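Structure data follow from input-v7.pdb (PDB, C-alpha atoms):
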ATOM      1  CA  ASN A   4     -15.678 -56.122   8.557
ATOM      2  CA  ILE A   5     -17.235 -53.845  11.116
ATOM      3  CA  ASP A   6     -16.994 -50.935   8.664
ATOM      4  CA  ASP A   7     -19.287 -52.766   6.238
ATOM      5  CA  ILE A   8     -22.372 -52.181   8.394
ATOM      6  CA  ASP A   9     -24.238 -48.898   8.325
ATOM      7  CA  MET A  10     -26.791 -49.108  11.128
ATOM      8  CA  GLU A  11     -28.205 -45.648  10.360
ATOM      9  CA  SER A  12     -29.232 -46.649   6.839
ATOM     10  CA  SER A  13     -29.754 -50.328   7.791
ATOM     11  CA  THR A  14     -27.314 -51.436   5.114
ATOM     12  CA  LEU A  15     -24.740 -54.234   4.956
ATOM     13  CA  TYR A  16     -22.004 -54.207   2.321
ATOM     14  CA  VAL A  17     -20.450 -57.515   1.255
ATOM     15  CA  ILE A  18     -17.701 -58.373  -1.232
ATOM     16  CA  ASP A  19     -18.196 -61.871  -2.644
ATOM     17  CA  LYS A  20     -15.444 -64.328  -3.572
ATOM     18  CA  GLY A  21     -15.304 -62.849  -7.083
ATOM     19  CA  ASP A  22     -14.637 -59.380  -5.613
ATOM     20  CA  LYS A  23     -18.117 -58.244  -6.658
ATOM     21  CA  PRO A  24     -19.707 -55.803  -4.169
ATOM     22  CA  HIS A  25     -23.244 -56.372  -2.878
ATOM     23  CA  GLN A  26     -25.453 -54.159  -0.747
ATOM     24  CA  TYR A  27     -28.194 -55.592   1.475
ATOM     25  CA  VAL A  28     -30.910 -53.818   3.409
ATOM     26  CA  LEU A  29     -31.233 -55.088   6.979
ATOM     27  CA  ASN A  30     -34.722 -55.946   8.186
ATOM     28  CA  ASP A  31     -35.695 -55.035  11.743
ATOM     29  CA  GLU A  32     -34.980 -58.508  13.105
ATOM     30  CA  LEU A  33     -31.476 -58.653  11.641
ATOM     31  CA  ARG A  34     -30.752 -55.077  12.685
ATOM     32  CA  GLU A  35     -31.703 -55.942  16.283
ATOM     33  CA  ALA A  36     -29.593 -59.120  16.218
ATOM     34  CA  LEU A  37     -26.582 -57.227  14.866
ATOM     35  CA  SER A  38     -27.004 -54.509  17.489
ATOM     36  CA  LEU A  39     -26.937 -57.136  20.231
ATOM     37  CA  TRP A  40     -23.937 -58.854  18.657
ATOM     38  CA  LEU A  41     -22.035 -55.565  18.364
ATOM     39  CA  GLU A  42     -22.492 -55.036  22.110
ATOM     40  CA  ASP A  43     -21.198 -58.553  22.841
ATOM     41  CA  ARG A  44     -18.341 -58.098  20.344
ATOM     42  CA  SER A  45     -17.304 -54.915  22.121
ATOM     43  CA  ARG A  46     -17.245 -56.707  25.490
ATOM     44  CA  VAL A  47     -15.146 -59.548  24.042
ATOM     45  CA  LEU A  48     -12.624 -57.142  22.543
ATOM     46  CA  ASN A  49     -12.454 -55.086  25.748
ATOM     47  CA  TYR A  50     -11.902 -58.250  27.809
ATOM     48  CA  THR A  51      -9.230 -59.681  25.504
ATOM     49  CA  GLY A  52      -7.546 -56.348  24.820
ATOM     50  CA  LYS A  53      -7.621 -57.117  21.103
ATOM     51  CA  ASP A  54      -8.367 -54.582  18.384
ATOM     52  CA  THR A  55      -9.696 -55.821  15.051
ATOM     53  CA  ASN A  56     -12.064 -54.641  12.353
ATOM     54  CA  ALA A  57     -13.495 -58.160  12.027
ATOM     55  CA  LEU A  58     -17.261 -58.210  12.457
ATOM     56  CA  PHE A  59     -17.370 -61.724  13.881
ATOM     57  CA  VAL A  60     -14.810 -62.672  16.511
ATOM     58  CA  SER A  61     -14.187 -65.646  18.750
ATOM     59  CA  ALA A  62     -14.212 -65.573  22.542
ATOM     60  CA  LYS A  63     -10.467 -64.931  22.256
ATOM     61  CA  GLY A  64     -11.076 -61.821  20.132
ATOM     62  CA  SER A  65      -9.761 -63.320  16.891
ATOM     63  CA  ARG A  66     -11.504 -63.180  13.510
ATOM     64  CA  ILE A  67     -13.531 -66.301  12.778
ATOM     65  CA  SER A  68     -13.822 -67.789   9.307
ATOM     66  CA  GLY A  69     -16.754 -67.355   6.946
ATOM     67  CA  ASP A  70     -17.493 -71.071   7.299
ATOM     68  CA  ALA A  71     -17.670 -70.697  11.081
ATOM     69  CA  VAL A  72     -20.084 -67.760  10.729
ATOM     70  CA  SER A  73     -22.217 -69.812   8.351
ATOM     71  CA  ASP A  74     -22.283 -72.769  10.765
ATOM     72  CA  ILE A  75     -23.303 -70.528  13.674
ATOM     73  CA  LEU A  76     -26.074 -68.876  11.653
ATOM     74  CA  LYS A  77     -27.409 -72.251  10.492
ATOM     75  CA  LYS A  78     -27.472 -73.456  14.106
ATOM     76  CA  TYR A  79     -29.391 -70.441  15.380
ATOM     77  CA  ILE A  80     -31.803 -70.446  12.437
ATOM     78  CA  SER A  81     -32.542 -74.108  13.135
ATOM     79  CA  ILE A  82     -33.127 -73.417  16.842
ATOM     80  CA  LYS A  83     -35.439 -70.501  16.004
ATOM     81  CA  GLN A  84     -37.447 -72.638  13.569
ATOM     82  CA  GLU A  85     -37.800 -75.400  16.178
ATOM     83  CA  CYS A  86     -39.020 -72.880  18.768
ATOM     84  CA  GLN A  87     -41.547 -71.456  16.325
ATOM     85  CA  GLN A  88     -42.864 -74.945  15.577
ATOM     86  CA  VAL A  89     -43.252 -75.718  19.276
ATOM     87  CA  LEU A  90     -45.087 -72.430  19.873
ATOM     88  CA  GLN A  91     -47.488 -73.153  16.985
ATOM     89  CA  ARG A  92     -48.648 -76.406  18.573
TER
END

Represent the structure contained in this file as structure tokens.
Amino acid sequence: NIDDIDMESSTLYVIDKGDKPHQYVLNDELREALSLWLEDRSRVLNYTGKDTNALFVSAKGSRISGDAVSDILKKYISIKQECQQVLQR
């Protein structure tokens, strides 16, 4: 949820499937990526007129599943790794 991010302290709070809480410190790269996403998320919600506390939303403003988030992250991590490999050549 959107409330689980504290940008001031660079902290992300997550509850796992066993209801165990975890706290993660955001590195600069992730903090920047989340800042950009939060701007895009705001535009999507303004456009769709939806109001949700979901951190990750679809283009229609609806919450997307954890599996969908995982798939998106894997895709972008793969693209970043490919770009880094090309730049190293």

Would you pick out the contacts of Val72 in chain A at 10 Å or less, using all atoms listed in the file, so that residues sharing its chain but fewer than 5 positions from it are not included, and give the list as a PyMOL selection string? chain A and resi 59-60+67+77-78

Quote the spacing between CA of Val47 in chain A and CA of Ser61 in chain A in Å to one decimal place. 8.1 Å

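Computed from the coordinates, the CA of Met10 in chain A to CA of Tyr27 in chain A distance equals 11.7 Å.
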
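Here CA of Asp54 in chain A stands at a distance of 24.2 Å from CA of Ser13 in chain A.
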
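Among A:Glu85, A:Asp31, A:Asp74, A:Gly64, the residue with the shortest atom-to-atom distance to Arg44 in chain A, counting all atoms listed in the file, is A:Gly64.
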
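If you measure from each of A:Val17, A:Val89, A:Ala62, A:Ala71 to Arg46 in chain A using all atoms listed in the file, the closest one turns out to be A:Ala62.
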
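The nearest approach to Glu42 in chain A among the residues A:Leu76, A:Leu58, A:Gln87, A:Ile18, with all atoms listed in the file taken into account, belongs to A:Leu58.
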
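Minimum distance to Ser38 in chain A across A:Gly52, A:Tyr16, A:Ile5, A:Gly21 (counting all atoms listed in the file) occurs at A:Ile5.
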
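The nearest approach to Asp7 in chain A among the residues A:Gln91, A:Thr51, A:Asn56, A:Asn30, with only C-alpha atoms taken into account, belongs to A:Asn56.
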
Would you place a box with edges along x, y and z of the file around all atoms of range 74-91 of chain A listed there, add 6 Å to each of its six sides, and report the centre and edge lengths in Å to one decimal, as AutoDock Vina command-line options?
--center_x -34.9 --center_y -72.3 --center_z 15.2 --size_x 37.2 --size_y 18.8 --size_z 21.4

Name the residues that the PyMOL selection byres ((chain A and resi 11) around 12) picks from the file above, as a VMD selection string, using the file's chain letters and numbers. chain A and resid 8 to 10 12 to 15 28 to 29 34 38

Closest of A:Leu41, A:Ile75, A:Lys83, A:Gly69 to Asp19 in chain A - atom-to-atom distances counting all atoms listed in the file: A:Gly69
